[in-house]
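One structure below.
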Amino acid sequence: MTEGISIDAAVCHGKPVISGTRVLVSTILGALAGGDSIEDIAEDYGLSGSQISAALEFAAGITDFQTAPYESVA
């Protein structure tokens, strides 16, 4: 788990959020994908740059997976 990100079934239905807030990681990622600057997101949601970086680190971690090629069966 990335520091600064929490997952709790009692908060936002267990979706990953910035710790101590109800701001979803997906909300931050969507805003960045939509072209919002880190500064705008920080201001809009009352976050710090390090909290936004934590969301990016979390997203990078869950998308960094390795696959092994299937072994052929003869």
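Here's how to read the names in the structure tokens: chain A, B, ... by the order shown, residue numbers from 1 in each chain, ligand numbers from 1 in the order shown.
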Test item: residues at most 8 Å from Gly49 (chain A), only C-alpha atoms, excluding those fewer than 3 positions along its chain, as a PyMOL selection string: chain A and resi 38-39+42+52-53
Would you output that residue set with C-alpha atoms, as a JSON list (two decimals), in the first residue's frame?
```
[["chain", "number", "residue", "atom", "x", "y", "z"],
["A", 38, "ILE", "CA", -1.52, 19.71, -9.98],
["A", 39, "GLU", "CA", -1.89, 23.20, -8.55],
["A", 42, "ALA", "CA", -4.59, 20.87, -4.93],
["A", 52, "ILE", "CA", -1.39, 14.12, -5.34],
["A", 53, "SER", "CA", 1.98, 12.43, -5.87]]
```
Contacts of Gly46 (chain A) within 12 Å, only C-alpha atoms, excl. fewer than 4 positions in-chain, as a list in words: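 Once the nearby chain positions are removed, what remains is Ile18, Gly20, Thr21, Arg22, Val23, Ile28, Ile38, Glu39, Asp40, Ile41, Ala42, Ser50, Gln51 and Ile52 of chain A.
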Nearest candidate to Ala31 (chain A) (options A:Ile62, A:Gly14, A:Thr2, A:Tyr45; using only C-alpha atoms): A:Tyr45
Long-range neighbours of Pro16 (chain A) as number ranges by chain, 7 Å cut-off, only C-alpha atoms, 3 positions minimum in chain: A: 5-7, 24-25
Restricting it to all heavy atoms, dump the selection as a PDB file, in the first residue's frame.
```pdb
ATOM      1  N   ILE A   5      -2.336   6.846   1.129  1.00  0.00           N
ATOM      2  CA  ILE A   5      -3.556   6.327   0.509  1.00  0.00           C
ATOM      3  C   ILE A   5      -4.178   5.333   1.472  1.00  0.00           C
ATOM      4  O   ILE A   5      -3.479   4.501   2.053  1.00  0.00           O
ATOM      5  CB  ILE A   5      -3.259   5.622  -0.840  1.00  0.00           C
ATOM      6  CG1 ILE A   5      -2.522   6.555  -1.796  1.00  0.00           C
ATOM      7  CG2 ILE A   5      -4.539   5.067  -1.462  1.00  0.00           C
ATOM      8  CD1 ILE A   5      -3.272   7.810  -2.184  1.00  0.00           C
ATOM      9  N   SER A   6      -5.476   5.404   1.645  1.00  0.00           N
ATOM     10  CA  SER A   6      -6.139   4.437   2.521  1.00  0.00           C
ATOM     11  C   SER A   6      -7.315   3.799   1.803  1.00  0.00           C
ATOM     12  O   SER A   6      -7.926   4.396   0.922  1.00  0.00           O
ATOM     13  CB  SER A   6      -6.590   5.088   3.830  1.00  0.00           C
ATOM     14  OG  SER A   6      -7.488   6.134   3.590  1.00  0.00           O
ATOM     15  N   ILE A   7      -7.564   2.571   2.206  1.00  0.00           N
ATOM     16  CA  ILE A   7      -8.710   1.811   1.700  1.00  0.00           C
ATOM     17  C   ILE A   7      -9.429   1.264   2.926  1.00  0.00           C
ATOM     18  O   ILE A   7      -8.862   0.492   3.693  1.00  0.00           O
ATOM     19  CB  ILE A   7      -8.261   0.664   0.769  1.00  0.00           C
ATOM     20  CG1 ILE A   7      -7.528   1.223  -0.449  1.00  0.00           C
ATOM     21  CG2 ILE A   7      -9.468  -0.172   0.354  1.00  0.00           C
ATOM     22  CD1 ILE A   7      -6.918   0.164  -1.342  1.00  0.00           C
ATOM     23  N   LEU A  24     -11.248  10.674  -3.690  1.00  0.00           N
ATOM     24  CA  LEU A  24     -10.888   9.421  -4.355  1.00  0.00           C
ATOM     25  C   LEU A  24      -9.633   9.582  -5.211  1.00  0.00           C
ATOM     26  O   LEU A  24      -9.455  10.612  -5.883  1.00  0.00           O
ATOM     27  CB  LEU A  24     -12.029   8.962  -5.254  1.00  0.00           C
ATOM     28  CG  LEU A  24     -13.358   8.626  -4.589  1.00  0.00           C
ATOM     29  CD1 LEU A  24     -14.442   8.463  -5.637  1.00  0.00           C
ATOM     30  CD2 LEU A  24     -13.227   7.378  -3.748  1.00  0.00           C
ATOM     31  N   VAL A  25      -8.807   8.555  -5.196  1.00  0.00           N
ATOM     32  CA  VAL A  25      -7.647   8.536  -6.087  1.00  0.00           C
ATOM     33  C   VAL A  25      -8.120   8.670  -7.532  1.00  0.00           C
ATOM     34  O   VAL A  25      -7.525   9.402  -8.329  1.00  0.00           O
ATOM     35  CB  VAL A  25      -6.823   7.242  -5.885  1.00  0.00           C
ATOM     36  CG1 VAL A  25      -5.778   7.076  -6.976  1.00  0.00           C
ATOM     37  CG2 VAL A  25      -6.180   7.230  -4.511  1.00  0.00           C
TER      38      VAL A  25
END
```
Residue contacts of Ala60 (chain A) (12 Å, only C-alpha atoms) excluding same-chain residues fewer than 4 positions away, as a ChimeraX atom specification: /A:1-2,25,29,53-56,64-65
Can I get the selection written as a compact mmCIF listing (two decimals), in the first residue's frame, with N, CA, C and O atoms?
```txt
# COMPACT_ATOMS: atom_id res chain seq x y z
N MET A 1 0.85 -1.18 0.00
CA MET A 1 0.00 0.00 0.00
C MET A 1 0.89 1.24 0.00
O MET A 1 1.92 1.28 0.65
N THR A 2 0.48 2.23 -0.71
CA THR A 2 1.21 3.48 -0.78
C THR A 2 0.91 4.33 0.44
O THR A 2 -0.25 4.49 0.83
N VAL A 25 -8.81 8.55 -5.20
CA VAL A 25 -7.65 8.54 -6.09
C VAL A 25 -8.12 8.67 -7.53
O VAL A 25 -7.52 9.40 -8.33
N LEU A 29 -6.87 11.23 -10.54
CA LEU A 29 -6.38 10.74 -11.83
C LEU A 29 -7.23 11.26 -12.98
O LEU A 29 -6.71 11.64 -14.03
N SER A 53 0.91 13.35 -5.48
CA SER A 53 1.98 12.43 -5.87
C SER A 53 1.71 11.03 -5.33
O SER A 53 1.98 10.03 -6.01
N ALA A 54 1.17 10.94 -4.12
CA ALA A 54 0.83 9.64 -3.54
C ALA A 54 -0.23 8.93 -4.38
O ALA A 54 -0.16 7.72 -4.58
N ALA A 55 -1.19 9.69 -4.89
CA ALA A 55 -2.21 9.09 -5.76
C ALA A 55 -1.58 8.54 -7.03
O ALA A 55 -1.93 7.44 -7.48
N LEU A 56 -0.65 9.29 -7.60
CA LEU A 56 0.03 8.83 -8.81
C LEU A 56 0.90 7.60 -8.52
O LEU A 56 0.93 6.66 -9.31
N ASP A 64 1.57 -1.75 -12.44
CA ASP A 64 2.87 -2.33 -12.76
C ASP A 64 2.85 -3.81 -12.39
O ASP A 64 3.15 -4.19 -11.27
N PHE A 65 2.46 -4.61 -13.33
CA PHE A 65 2.43 -6.04 -13.07
C PHE A 65 3.18 -6.77 -14.17
O PHE A 65 3.36 -6.25 -15.26
```
